[in-house]
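To start, the structure under review is shown below, and the notes come after it.
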Amino acid sequence: MVPSLLFEIMLIGVLGVASQWIAWRFRLPAIVVMSVTGLAIGPVFGVINPEEDFGALYSPFISAAVAIILFEGSLNLSFKELRGIGRPVFRISTIGAFIAWILGSLTAHYIAGLSWAVAFVIGGLFVVTGPTVIMPLLRQAKLKARPAKILKWEGIIVDPIGALLAVFAFEIITFLTASNPDAMQLILFFAASLFAVFIGYVLGKGLGWMFEMGHIPEFLKSPAIVVVVLLCFTLADEVMHETGLLSVTAMGITLANMGISSISDMRHFKENISVLLISTIFIMLTASLDRETIMQIFSPNIILYVLLMMFAVRPLSIFLSTIGTGLSLNEKTLLGWIAPRGIVALTVSGYFANVLSDAGYEDASILTALTFALVIFTVVAHGFSIGWLSKKLGLSNEGNPGALIVGSNPFTIELAKSLGEAKYPAIIVSSSWEDLAPARNAGLHVYHGSMLSEQTEQHLDTIPYEYLLTVTHDHAYNSLICTTFMPEYGRTNVFKVSPYTNFEDGYSTGVVSKVGGRILFDKKFSLEELVEKVEDGFTIRQTTLSEKFTFDHYKEKKDPETVFLFLIKPSGQLKFFSEEMRTIPVSGDVIVSLTKPNNE
């Protein structure tokens, strides 16, 4: 029985999200899981073939999805991020891309056996990495801020550049091989590229102005962005194929640097859409492969070509282009290795395979196999190695999950000390320099600034910290911080101190307890009470549970004033006690609590 198109759409969506979940649950590279899933339901078992089943809708859907993904990525490119990395980003995106183009073209000609014309087209295209493959790897690896930002900027900026290099190479070939060369075609190419940037800038500025002036209501902002992104992409792409990618990138960067507060709110919505689209597209593309193409992937010349691209072309382009940029040898090594190819390479190569074949270049028929080989090999190799390599090079923040504590007071100082003693990184953030003085004197990591300020967003490295604890006397501020950062940290990792001031009467400060984060420890313990306990000599102690001394035994023995703070699992997992905690401590767990000095 042939599945209906509706069933196929459902299956692709379910498998895409399931692949992302499996990757998260078992700490696997998401792209690898999605690719394997697509190959399994496509060429291996023949359940679906999206390219055939979707028909004429297949290419437009892929193109629209790529436009939205690339726009979402460029929406994160604030020029303020370039402080300290502007020179290496510029060099890699220009000189590095040019070197990679030339070396990649030479490799394609001499190793893959492509004609010069096809080699220079595919060489230009293969300089891309792209947000569809880089972003999942960055989320997985937890790199330090500088290499992570460089890879992110390169992935988004070089995506349209690679596509344009392929178009430019094709236009040059057409011009040189034509019986009556027409220089107007080259002029039109550059004009179309400038037009694409102009359209993206104008639409970005126009949409941003409408947001700022309140001409678009809140409930229409996200739909408006999606529609304008598609408009931007289509207008440019209709003028010249592949310039739409440049247009949506320009639009995203324009909006990202206008300082519009509502853009930050919608960024999480668009990121969620991008995750869904990435999952869907990867499965669709891999499921559309045929077995003949898969067999071609493993031919010796294609494998050798891929290996040279990974181990020679990419490292050389990075090392040569970053001379004098201040990057360390370890950073250059990591950047020289990490360059997975993704959706843009797949979609654009499919377009040029058809165009070049129609133009009489028979060797263009292997472009699909060549591209999939490069995508699959780089995705697997870089997906499984980025974590290990970044640790070896000292460029990873991998380790025990840390806690970012907002608010400096006697209780948070003791809490940060106890986390540090247990080998969990902790930092105290406060806008009061005076309040931070005791924490600084205690040798703790501190940051002076408001958690909600733009300056803090730019300068505070939050990557090492998986948990956010808001422990200030301003309960509205605590809730606002939790609400703001919940999409970034996840609801289960965001906490606030109890807003209740009179537990027996059920009276709170007016802040609804369900708004913005879980209540820390127990709602009957307000910050005032916690600080008072510390000042009265309460100490933080660790207790290891066993088969003979269970959690029930501990609860029976403990003093009513004891406060359970956090739990350390044998695996190293950290769990803060809260009103909504579902984990039951078992044998081997370590309970850290605030107890009376004489409480044994």
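How things are named: the first chain in the structure tokens is A, the next is B, and so on; residues count from 1 in each chain; ligands count from 1 in the order shown.
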
Give me, as a tab-separated table, the closest atom pair and its distance (Å, one decimal) for every residue of range 307-404 of chain A within a cut-off of 10 Å of range 116-126 of chain A, counting only C-alpha atoms, rows sorted by chain and rising number.
residue	atom	partner	partner_atom	distance
A:Met309	CA	A:Phe126	CA	9.1
A:Ala339	CA	A:Phe126	CA	9.9
A:Pro340	CA	A:Phe126	CA	9.9
A:Arg341	CA	A:Phe126	CA	7.5
A:Gly342	CA	A:Phe126	CA	9.8
A:Val344	CA	A:Leu125	CA	8.7
A:Ala345	CA	A:Leu125	CA	6.4
A:Leu346	CA	A:Leu125	CA	9.6
A:Val348	CA	A:Leu125	CA	7.6
A:Ser349	CA	A:Ile122	CA	7.3
A:Phe352	CA	A:Val121	CA	8.1
A:Ala353	CA	A:Val118	CA	9.0
A:Leu356	CA	A:Val118	CA	7.4
A:Ser357	CA	A:Val118	CA	9.8
A:Tyr361	CA	A:Val118	CA	7.5
A:Glu362	CA	A:Val118	CA	9.6
A:Asp363	CA	A:Val118	CA	7.6
A:Ala364	CA	A:Val118	CA	6.5
A:Leu367	CA	A:Ile122	CA	7.8
A:Leu370	CA	A:Ile122	CA	9.4
A:Thr371	CA	A:Phe126	CA	8.3
A:Leu374	CA	A:Phe126	CA	8.8
A:Val375	CA	A:Phe126	CA	9.8

Selection to disk with N, CA, C and O atoms, as an mmCIF file, in the first residue's frame:
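Ended up saving to selection-v9.cif:
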data_model
loop_
_atom_site.group_PDB
_atom_site.id
_atom_site.type_symbol
_atom_site.label_atom_id
_atom_site.label_comp_id
_atom_site.auth_asym_id
_atom_site.auth_seq_id
_atom_site.Cartn_x
_atom_site.Cartn_y
_atom_site.Cartn_z
ATOM 1 N N MET A 309 39.516 17.242 1.108
ATOM 2 C CA MET A 309 38.753 18.438 1.493
ATOM 3 C C MET A 309 38.767 18.607 3.013
ATOM 4 O O MET A 309 38.866 19.731 3.527
ATOM 5 N N ALA A 339 34.080 21.773 9.782
ATOM 6 C CA ALA A 339 33.463 22.413 8.609
ATOM 7 C C ALA A 339 32.454 21.461 7.979
ATOM 8 O O ALA A 339 32.601 21.067 6.817
ATOM 9 N N PRO A 340 31.417 21.079 8.714
ATOM 10 C CA PRO A 340 30.422 20.163 8.134
ATOM 11 C C PRO A 340 29.589 20.876 7.074
ATOM 12 O O PRO A 340 29.259 22.053 7.216
ATOM 13 N N ARG A 341 29.278 20.181 5.994
ATOM 14 C CA ARG A 341 28.409 20.745 4.960
ATOM 15 C C ARG A 341 26.982 20.291 5.224
ATOM 16 O O ARG A 341 26.753 19.216 5.780
ATOM 17 N N GLY A 342 26.022 21.107 4.790
ATOM 18 C CA GLY A 342 24.636 20.799 5.109
ATOM 19 C C GLY A 342 23.660 21.042 3.982
ATOM 20 O O GLY A 342 23.939 20.772 2.807
ATOM 21 N N VAL A 344 22.330 23.714 2.421
ATOM 22 C CA VAL A 344 22.580 24.610 1.286
ATOM 23 C C VAL A 344 23.424 23.903 0.227
ATOM 24 O O VAL A 344 23.138 23.988 -0.972
ATOM 25 N N ALA A 345 24.460 23.195 0.651
ATOM 26 C CA ALA A 345 25.288 22.453 -0.304
ATOM 27 C C ALA A 345 24.453 21.428 -1.064
ATOM 28 O O ALA A 345 24.587 21.275 -2.284
ATOM 29 N N LEU A 346 23.563 20.743 -0.366
ATOM 30 C CA LEU A 346 22.737 19.719 -1.002
ATOM 31 C C LEU A 346 21.765 20.316 -2.011
ATOM 32 O O LEU A 346 21.629 19.822 -3.133
ATOM 33 N N VAL A 348 21.720 23.426 -3.477
ATOM 34 C CA VAL A 348 22.325 24.185 -4.582
ATOM 35 C C VAL A 348 23.037 23.245 -5.553
ATOM 36 O O VAL A 348 23.002 23.449 -6.775
ATOM 37 N N SER A 349 23.678 22.193 -5.035
ATOM 38 C CA SER A 349 24.361 21.257 -5.926
ATOM 39 C C SER A 349 23.365 20.527 -6.819
ATOM 40 O O SER A 349 23.657 20.227 -7.982
ATOM 41 N N PHE A 352 22.599 22.869 -9.692
ATOM 42 C CA PHE A 352 23.678 22.980 -10.673
ATOM 43 C C PHE A 352 23.928 21.668 -11.400
ATOM 44 O O PHE A 352 24.410 21.672 -12.534
ATOM 45 N N ALA A 353 23.628 20.547 -10.778
ATOM 46 C CA ALA A 353 23.759 19.261 -11.468
ATOM 47 C C ALA A 353 22.861 19.235 -12.696
ATOM 48 O O ALA A 353 23.272 18.786 -13.786
ATOM 49 N N LEU A 356 24.147 22.221 -15.300
ATOM 50 C CA LEU A 356 25.378 21.870 -15.996
ATOM 51 C C LEU A 356 25.171 20.690 -16.949
ATOM 52 O O LEU A 356 25.774 20.642 -18.029
ATOM 53 N N SER A 357 24.339 19.741 -16.543
ATOM 54 C CA SER A 357 24.034 18.610 -17.433
ATOM 55 C C SER A 357 23.332 19.096 -18.684
ATOM 56 O O SER A 357 23.645 18.658 -19.805
ATOM 57 N N TYR A 361 27.655 19.283 -19.871
ATOM 58 C CA TYR A 361 28.751 18.766 -19.045
ATOM 59 C C TYR A 361 28.312 17.433 -18.440
ATOM 60 O O TYR A 361 27.607 17.388 -17.423
ATOM 61 N N GLU A 362 28.732 16.332 -19.064
ATOM 62 C CA GLU A 362 28.281 15.002 -18.638
ATOM 63 C C GLU A 362 28.776 14.630 -17.242
ATOM 64 O O GLU A 362 28.107 13.903 -16.500
ATOM 65 N N ASP A 363 29.977 15.134 -16.857
ATOM 66 C CA ASP A 363 30.519 14.780 -15.542
ATOM 67 C C ASP A 363 29.719 15.395 -14.396
ATOM 68 O O ASP A 363 29.908 15.037 -13.227
ATOM 69 N N ALA A 364 28.813 16.320 -14.705
ATOM 70 C CA ALA A 364 27.981 16.933 -13.657
ATOM 71 C C ALA A 364 27.035 15.914 -13.028
ATOM 72 O O ALA A 364 26.460 16.169 -11.971
ATOM 73 N N LEU A 367 27.657 15.050 -9.355
ATOM 74 C CA LEU A 367 27.636 16.106 -8.329
ATOM 75 C C LEU A 367 26.790 15.724 -7.123
ATOM 76 O O LEU A 367 27.152 16.023 -5.983
ATOM 77 N N LEU A 370 28.744 13.279 -5.057
ATOM 78 C CA LEU A 370 29.897 13.960 -4.473
ATOM 79 C C LEU A 370 29.467 14.816 -3.281
ATOM 80 O O LEU A 370 30.120 14.822 -2.229
ATOM 81 N N THR A 371 28.353 15.517 -3.464
ATOM 82 C CA THR A 371 27.862 16.389 -2.388
ATOM 83 C C THR A 371 27.394 15.589 -1.186
ATOM 84 O O THR A 371 27.736 15.907 -0.041
ATOM 85 N N LEU A 374 30.365 14.297 0.756
ATOM 86 C CA LEU A 374 30.993 15.320 1.587
ATOM 87 C C LEU A 374 30.128 15.645 2.800
ATOM 88 O O LEU A 374 30.634 15.802 3.918
ATOM 89 N N VAL A 375 28.815 15.743 2.593
ATOM 90 C CA VAL A 375 27.900 16.041 3.697
ATOM 91 C C VAL A 375 27.927 14.927 4.739
ATOM 92 O O VAL A 375 28.104 15.179 5.940
#

Which of range 366-537 of chain A end up as alpha helix (DSSP H) when DSSP is run on this backbone - answer as a PyMOL selection string?
chain A and resi 367-392+410-421+433-441+454-459+475-489+527-535

Identify, on the basis of only C-alpha atoms, every residue whose closest approach to Arg491 in chain A does not exceed 8 Å; exclude the query and any residue fewer than 5 positions from it along the same chain; express the result as a ChimeraX atom specification.
/A:486,517-518

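The coordinates place CA of Ser450 in chain A at 17.8 Å from CA of Ile413 in chain A.
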
For Pro315 in chain A, find every residue with an atom within 12 Å (counting only C-alpha atoms), except residues of its own chain fewer than 3 positions away, and show them as a list of chain:residue names.
A:Ile92, A:Gly96, A:Ala97, A:Ile99, A:Ala100, A:Leu103, A:Gly104, A:Leu307, A:Leu308, A:Met309, A:Met310, A:Phe311, A:Ala312, A:Ile318, A:Phe319, A:Leu320, A:Ser321, A:Thr322, A:Leu329, A:Glu331, A:Lys332, A:Thr333, A:Leu334, A:Leu335, A:Gly336, A:Trp337, A:Ile338, A:Ala339

Students should find that CA of Glu238 in chain A and CA of Phe189 in chain A are spaced 12.6 Å

Set the distance at 6 Å and use only C-alpha atoms: which residues neighbour range 576-591 of chain A once local chain neighbours fewer than 6 positions away are removed? I'd like the list as a list in words.
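Here the qualifying residues turn out to be Ile519, Leu520, Phe521, Asp522, Gln542, Thr543, Thr544, Leu545, Ser546, Glu547, Leu565, Phe566, Leu567, Ile568 and Lys569 of chain A.
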
Which residues are close to Ile69 in chain A, i.e. within 12 Å by only C-alpha atoms, leaving aside same-chain residues fewer than 3 positions away? Reply as a VMD selection string.
chain A and resid 62 to 66 72 to 76 130 to 135 155 to 156 159 226 229 to 230 233 245 248 to 249 252 267 270 to 281 342 to 344

Residues as selected, C-alpha atoms, written as a compact mmCIF listing (two decimals), in the first residue's frame, can you do that?
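Output contents, as saved in selection-v2.txt:
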# COMPACT_ATOMS: atom_id res chain seq x y z
CA ILE A 62 13.19 23.03 0.51
CA SER A 63 14.13 26.51 -0.74
CA ALA A 64 11.60 28.26 1.52
CA ALA A 65 12.76 26.25 4.53
CA VAL A 66 16.42 27.05 3.84
CA GLU A 72 16.90 32.78 11.80
CA GLY A 73 20.64 32.23 12.03
CA SER A 74 21.47 35.73 10.75
CA LEU A 75 19.02 37.17 13.30
CA ASN A 76 21.64 36.26 15.91
CA GLY A 130 25.83 26.73 7.28
CA PRO A 131 23.64 27.15 10.39
CA THR A 132 21.76 23.91 9.71
CA VAL A 133 24.85 21.91 10.66
CA ILE A 134 26.92 24.33 12.75
CA MET A 135 24.22 25.32 15.28
CA GLY A 155 28.52 29.35 8.95
CA ILE A 156 25.91 32.04 8.35
CA ASP A 159 26.45 30.22 3.22
CA VAL A 226 7.90 34.62 8.19
CA VAL A 229 11.33 36.49 4.79
CA LEU A 230 9.67 34.45 2.04
CA PHE A 233 13.91 35.43 -0.67
CA LEU A 245 20.09 33.42 0.33
CA VAL A 248 17.51 36.96 3.68
CA THR A 249 20.93 37.07 5.36
CA GLY A 252 18.35 39.16 9.30
CA ARG A 267 13.97 34.82 18.20
CA LYS A 270 11.88 31.32 15.07
CA GLU A 271 14.57 29.08 16.57
CA ASN A 272 11.88 26.49 17.33
CA ILE A 273 10.66 26.70 13.74
CA SER A 274 14.22 26.30 12.48
CA VAL A 275 14.78 23.16 14.57
CA LEU A 276 11.62 21.64 13.09
CA LEU A 277 12.57 22.63 9.54
CA ILE A 278 16.14 21.34 9.89
CA SER A 279 14.81 18.00 11.16
CA THR A 280 12.29 17.79 8.33
CA ILE A 281 14.63 18.80 5.51
CA GLY A 342 24.64 20.80 5.11
CA ILE A 343 21.38 21.70 3.44
CA VAL A 344 22.58 24.61 1.29
